[in-house]
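Below is one structure, written out as structure tokens; comments come after it.
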Amino acid sequence: MSTCSARIAGIGFWSEGLPDWPAARDFATGGALSDAAARRPSPRLLAPNERRRAPESVAVALQVALAACEAAGRDPKALPSVFASGHGDFAITDYMCETLANEPRAISPTRFHNSVHNAAAGYWTIGSGCMMTTTAISAGRATFAEGLLEALVQLGDGADAVLLVAYDITAVGPLATMTDSRGLLGGALVLASDEDRGDAGPRLRATRVDVAAPAGAGPLASLRHDNAMAPMLPLFDALATHDRRVLLDAGPGRALRVEIDHA
């Protein structure tokens with residue numbers, strides 16, 4: 001396939017002990033985890049009551065999405081978005097399956113509302129007042145690579161900038177025997193077209209190649225290897241440490257080769 005390119009205008013990140021991108025970048029270059037960091041994100045985009053009720057998947061997605069927009073100096077209302085999650089909300093899916101099997105009349109309308117895979121995208125568009133298009137993607141371990149590719153294709157199709165949001169949470173119940181995922185992990189990028197004249201930022205070029213991507217070995221990838229969205233972490237490690245090339249898992253025998261110009 002041909003190469004797609006973009007400028008990284010803004011970055012958002014959240015995980016336990018690493019509540020933002022500066023903390024994650026410092027950890028990747030030799031820093032420590034924060035003992036004082038909150039154990040759950042609290043996205044300012046939602047009203048306090050909604051913030052408390054929002055499931056963890058929504059909370060971490062909105063936290064990093066808003067952080068990336070603010071870092072890029074972009075109005076969230078103006079950005080089309082791609083929300084990438086390999087599994088959506090494990091806890092709500094487990095609840096739905098168990099309740100439907102044992103007592104279907106007891107299904108919570110609120111949890112049913114949050115069970116759809118694009119729930120985080122819906123909360124984002126409502127909370128930010130965004131009327132631009134949004135896409136929800138799930139592709140197992142290839143989810144982040146395919147989400148990144150989708151965002152790059154949208155840029156190539158004429159979008160000025162696109163917000164990419166990736167996240168997964170802890171697996172519970174029988175689902176945990178099929179997919180081992182622990183903790184909360186979210187990352188977001190505001191990707192701008194090469195013609196964008198905003199402030200300078202790293203530029204990336206992505207090409208899909210027929211090779212298997214190795215497991216990430218950087219500090220962030222090693223720390224959060226047990227989350228289902230861990231395949232995104234080699235890129236965030238590279239952005240933090242100024243590595244120039246990574247391979248992202250894009251499916252069996254396939255990788256997305258990402259070359260980064262940090263200048």
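Residues in the structure tokens are named by chain (A, B, ... in the order shown) and by number from 1 within that chain; ligands are numbered from 1 in the order shown.
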
With only C-alpha atoms as the counted atoms, please give the residues lying no more than 9 Å from stretch 163-176 of chain A, apart from itself and same-chain residues fewer than 3 positions off, as a PyMOL selection string. chain A and resi 12+56-58+60-62+64-65+68-69+76+79-91+93-95+143-144+147-148+150-151+179-192+227-230+232

DSSP strand (DSSP E or B) residues within stretch 24-171 of chain A, as a list in words: Ser81, Val82, Phe83, Ala84, Thr134, Thr135, Ala136, Ile137, Ala161, Val162, Leu163, Leu164, Val165, Ala166, Tyr167 and Asp168 of chain A

Write the residues of the selection above to a file with all heavy atoms, as an mmCIF file, in the first residue's frame.
data_model
loop_
_atom_site.group_PDB
_atom_site.id
_atom_site.type_symbol
_atom_site.label_atom_id
_atom_site.label_comp_id
_atom_site.auth_asym_id
_atom_site.auth_seq_id
_atom_site.Cartn_x
_atom_site.Cartn_y
_atom_site.Cartn_z
ATOM 1 N N SER A 81 -13.534 12.330 14.394
ATOM 2 C CA SER A 81 -12.837 11.484 15.360
ATOM 3 C C SER A 81 -12.930 10.008 15.000
ATOM 4 O O SER A 81 -13.871 9.571 14.338
ATOM 5 C CB SER A 81 -13.394 11.707 16.773
ATOM 6 O OG SER A 81 -14.789 11.484 16.804
ATOM 7 N N VAL A 82 -11.926 9.268 15.467
ATOM 8 C CA VAL A 82 -11.887 7.811 15.353
ATOM 9 C C VAL A 82 -11.674 7.267 16.760
ATOM 10 O O VAL A 82 -10.661 7.569 17.400
ATOM 11 C CB VAL A 82 -10.753 7.342 14.428
ATOM 12 C CG1 VAL A 82 -10.709 5.809 14.390
ATOM 13 C CG2 VAL A 82 -10.911 7.916 13.026
ATOM 14 N N PHE A 83 -12.623 6.474 17.257
ATOM 15 C CA PHE A 83 -12.521 5.859 18.575
ATOM 16 C C PHE A 83 -12.212 4.376 18.389
ATOM 17 O O PHE A 83 -12.989 3.650 17.764
ATOM 18 C CB PHE A 83 -13.811 6.058 19.371
ATOM 19 C CG PHE A 83 -13.915 7.412 20.009
ATOM 20 C CD1 PHE A 83 -14.150 8.536 19.240
ATOM 21 C CD2 PHE A 83 -13.747 7.562 21.384
ATOM 22 C CE1 PHE A 83 -14.228 9.802 19.816
ATOM 23 C CE2 PHE A 83 -13.817 8.817 21.972
ATOM 24 C CZ PHE A 83 -14.067 9.942 21.189
ATOM 25 N N ALA A 84 -11.075 3.948 18.920
ATOM 26 C CA ALA A 84 -10.600 2.580 18.718
ATOM 27 C C ALA A 84 -10.510 1.851 20.050
ATOM 28 O O ALA A 84 -9.786 2.280 20.953
ATOM 29 C CB ALA A 84 -9.223 2.605 18.040
ATOM 30 N N THR A 134 -17.877 10.688 13.368
ATOM 31 C CA THR A 134 -17.077 9.878 14.278
ATOM 32 C C THR A 134 -17.175 8.412 13.853
ATOM 33 O O THR A 134 -18.212 7.968 13.357
ATOM 34 C CB THR A 134 -17.525 10.055 15.739
ATOM 35 O OG1 THR A 134 -16.635 9.344 16.603
ATOM 36 C CG2 THR A 134 -18.941 9.549 15.960
ATOM 37 N N THR A 135 -16.080 7.691 14.034
ATOM 38 C CA THR A 135 -15.986 6.291 13.636
ATOM 39 C C THR A 135 -15.540 5.466 14.829
ATOM 40 O O THR A 135 -14.640 5.877 15.569
ATOM 41 C CB THR A 135 -14.955 6.118 12.496
ATOM 42 O OG1 THR A 135 -15.297 6.974 11.413
ATOM 43 C CG2 THR A 135 -14.914 4.677 12.012
ATOM 44 N N ALA A 136 -16.146 4.317 15.058
ATOM 45 C CA ALA A 136 -15.743 3.401 16.125
ATOM 46 C C ALA A 136 -15.176 2.137 15.486
ATOM 47 O O ALA A 136 -15.804 1.538 14.613
ATOM 48 C CB ALA A 136 -16.924 3.060 17.023
ATOM 49 N N ILE A 137 -13.992 1.724 15.929
ATOM 50 C CA ILE A 137 -13.282 0.601 15.322
ATOM 51 C C ILE A 137 -12.905 -0.424 16.387
ATOM 52 O O ILE A 137 -12.471 -0.069 17.483
ATOM 53 C CB ILE A 137 -12.006 1.097 14.602
ATOM 54 C CG1 ILE A 137 -12.381 1.776 13.278
ATOM 55 C CG2 ILE A 137 -11.024 -0.029 14.356
ATOM 56 C CD1 ILE A 137 -11.203 2.270 12.485
ATOM 57 N N ALA A 161 -7.733 17.940 10.103
ATOM 58 C CA ALA A 161 -7.191 17.267 11.284
ATOM 59 C C ALA A 161 -8.203 16.234 11.764
ATOM 60 O O ALA A 161 -9.403 16.379 11.540
ATOM 61 C CB ALA A 161 -6.873 18.264 12.395
ATOM 62 N N VAL A 162 -7.710 15.187 12.419
ATOM 63 C CA VAL A 162 -8.557 14.100 12.915
ATOM 64 C C VAL A 162 -8.088 13.725 14.317
ATOM 65 O O VAL A 162 -6.880 13.654 14.583
ATOM 66 C CB VAL A 162 -8.487 12.854 11.997
ATOM 67 C CG1 VAL A 162 -9.348 11.728 12.554
ATOM 68 C CG2 VAL A 162 -8.923 13.201 10.581
ATOM 69 N N LEU A 163 -9.037 13.473 15.196
ATOM 70 C CA LEU A 163 -8.741 13.011 16.553
ATOM 71 C C LEU A 163 -8.819 11.485 16.588
ATOM 72 O O LEU A 163 -9.833 10.901 16.220
ATOM 73 C CB LEU A 163 -9.753 13.602 17.536
ATOM 74 C CG LEU A 163 -9.754 13.038 18.962
ATOM 75 C CD1 LEU A 163 -8.444 13.366 19.673
ATOM 76 C CD2 LEU A 163 -10.948 13.573 19.749
ATOM 77 N N LEU A 164 -7.749 10.834 17.034
ATOM 78 C CA LEU A 164 -7.720 9.381 17.224
ATOM 79 C C LEU A 164 -7.672 9.091 18.717
ATOM 80 O O LEU A 164 -6.797 9.603 19.428
ATOM 81 C CB LEU A 164 -6.493 8.779 16.537
ATOM 82 C CG LEU A 164 -6.188 7.303 16.850
ATOM 83 C CD1 LEU A 164 -7.307 6.384 16.372
ATOM 84 C CD2 LEU A 164 -4.850 6.892 16.235
ATOM 85 N N VAL A 165 -8.597 8.272 19.209
ATOM 86 C CA VAL A 165 -8.681 7.923 20.625
ATOM 87 C C VAL A 165 -8.669 6.399 20.751
ATOM 88 O O VAL A 165 -9.459 5.717 20.100
ATOM 89 C CB VAL A 165 -9.976 8.474 21.264
ATOM 90 C CG1 VAL A 165 -9.974 8.220 22.768
ATOM 91 C CG2 VAL A 165 -10.150 9.956 20.962
ATOM 92 N N ALA A 166 -7.760 5.867 21.580
ATOM 93 C CA ALA A 166 -7.657 4.417 21.768
ATOM 94 C C ALA A 166 -7.699 4.095 23.254
ATOM 95 O O ALA A 166 -7.075 4.790 24.057
ATOM 96 C CB ALA A 166 -6.356 3.898 21.155
ATOM 97 N N TYR A 167 -8.417 3.020 23.610
ATOM 98 C CA TYR A 167 -8.580 2.706 25.029
ATOM 99 C C TYR A 167 -9.069 1.276 25.217
ATOM 100 O O TYR A 167 -9.729 0.712 24.354
ATOM 101 C CB TYR A 167 -9.597 3.666 25.675
ATOM 102 C CG TYR A 167 -10.961 3.605 25.009
ATOM 103 C CD1 TYR A 167 -11.976 2.820 25.530
ATOM 104 C CD2 TYR A 167 -11.208 4.301 23.832
ATOM 105 C CE1 TYR A 167 -13.213 2.735 24.907
ATOM 106 C CE2 TYR A 167 -12.439 4.225 23.198
ATOM 107 C CZ TYR A 167 -13.439 3.440 23.735
ATOM 108 O OH TYR A 167 -14.654 3.348 23.095
ATOM 109 N N ASP A 168 -8.719 0.692 26.342
ATOM 110 C CA ASP A 168 -9.301 -0.577 26.811
ATOM 111 C C ASP A 168 -9.179 -0.627 28.322
ATOM 112 O O ASP A 168 -8.375 0.096 28.925
ATOM 113 C CB ASP A 168 -8.614 -1.790 26.168
ATOM 114 C CG ASP A 168 -9.318 -2.242 24.882
ATOM 115 O OD1 ASP A 168 -10.555 -2.443 24.937
ATOM 116 O OD2 ASP A 168 -8.642 -2.376 23.846
#

Extract, using only C-alpha atoms, all DNA, RNA and protein residues at most 9 Å from stretch 202-204 of chain A, discarding same-chain residues fewer than 2 positions from it, and format them as number ranges by chain. A: 4-9, 194, 200, 206, 239, 258-263

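The protein and nucleic acid residues lying at most 12 Å from A:Ile126 are Leu45, Leu46, Ala47, Glu50, Leu62, Pro76, Lys77, Ala119, Ala120, Ala121, Met131, Met132 and Thr134 of chain A, with only C-alpha atoms considered and sequence neighbours fewer than 5 positions away removed.
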
Could you write out that same residue set with N, CA and C atoms as an mmCIF file, in the first residue's frame?
data_model
loop_
_atom_site.group_PDB
_atom_site.id
_atom_site.type_symbol
_atom_site.label_atom_id
_atom_site.label_comp_id
_atom_site.auth_asym_id
_atom_site.auth_seq_id
_atom_site.Cartn_x
_atom_site.Cartn_y
_atom_site.Cartn_z
ATOM 1 N N LEU A 45 -14.996 17.177 30.661
ATOM 2 C CA LEU A 45 -15.981 17.401 29.609
ATOM 3 C C LEU A 45 -17.399 17.082 30.072
ATOM 4 N N LEU A 46 -17.521 16.194 31.067
ATOM 5 C CA LEU A 46 -18.836 15.789 31.561
ATOM 6 C C LEU A 46 -19.217 16.582 32.803
ATOM 7 N N ALA A 47 -20.518 16.793 32.973
ATOM 8 C CA ALA A 47 -21.023 17.393 34.201
ATOM 9 C C ALA A 47 -20.725 16.458 35.374
ATOM 10 N N GLU A 50 -22.766 13.217 35.568
ATOM 11 C CA GLU A 50 -22.438 12.320 34.457
ATOM 12 C C GLU A 50 -21.038 11.732 34.636
ATOM 13 N N LEU A 62 -12.567 9.846 27.205
ATOM 14 C CA LEU A 62 -12.795 11.290 27.166
ATOM 15 C C LEU A 62 -11.644 12.066 27.799
ATOM 16 N N PRO A 76 -12.519 20.886 20.067
ATOM 17 C CA PRO A 76 -13.078 19.548 19.834
ATOM 18 C C PRO A 76 -14.277 19.542 18.901
ATOM 19 N N LYS A 77 -15.031 20.637 18.854
ATOM 20 C CA LYS A 77 -16.196 20.694 17.986
ATOM 21 C C LYS A 77 -15.827 20.594 16.512
ATOM 22 N N ALA A 119 -20.170 3.800 22.650
ATOM 23 C CA ALA A 119 -20.673 4.632 23.746
ATOM 24 C C ALA A 119 -19.743 5.808 24.020
ATOM 25 N N ALA A 120 -18.429 5.568 24.048
ATOM 26 C CA ALA A 120 -17.486 6.650 24.333
ATOM 27 C C ALA A 120 -17.556 7.728 23.259
ATOM 28 N N ALA A 121 -17.678 7.316 22.005
ATOM 29 C CA ALA A 121 -17.805 8.293 20.915
ATOM 30 C C ALA A 121 -19.070 9.121 21.089
ATOM 31 N N MET A 131 -20.360 18.060 16.003
ATOM 32 C CA MET A 131 -21.265 17.538 14.982
ATOM 33 C C MET A 131 -20.513 16.902 13.820
ATOM 34 N N MET A 132 -19.196 16.777 13.952
ATOM 35 C CA MET A 132 -18.391 16.161 12.905
ATOM 36 C C MET A 132 -18.554 14.638 12.956
ATOM 37 N N THR A 134 -17.877 10.688 13.368
ATOM 38 C CA THR A 134 -17.077 9.878 14.278
ATOM 39 C C THR A 134 -17.175 8.412 13.853
#

Excluding same-chain residues fewer than 3 positions from A:Ala28, what lies within 10 Å of it counting only C-alpha atoms, as a PyMOL selection string? chain A and resi 22-25+31-32+218-221+223+236-241

For stretch 208-215 of chain A: contacts at 10 Å, only C-alpha atoms, fewer than 2 positions along chain excluded, given as a PyMOL selection string: chain A and resi 1-4+145-146+149+206+217-218+221-222+225+230-231+233-234+246-258

Take atom CA of A:Gly17 and atom CA of A:Ala36 and report the distance between them in Å, one decimal. 7.6 Å

Can you list every residue in stretch 57-256 of chain A that DSSP puts in alpha helix (DSSP H), as a PyMOL selection string? chain A and resi 57-72+90-102+109-114+119-128+143-156+175-178+219-223+233-241

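Using only C-alpha atoms, the nearest neighbour of A:Arg53 within the list A:Thr110, A:Thr29, A:Asp160, A:Ser138 is A:Thr110.
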
Kindly indicate which residue among A:Met178, A:Gly73, A:Ala54, A:Asp20 lies nearest to A:Gly140, using only C-alpha atoms for the distances. A:Met178
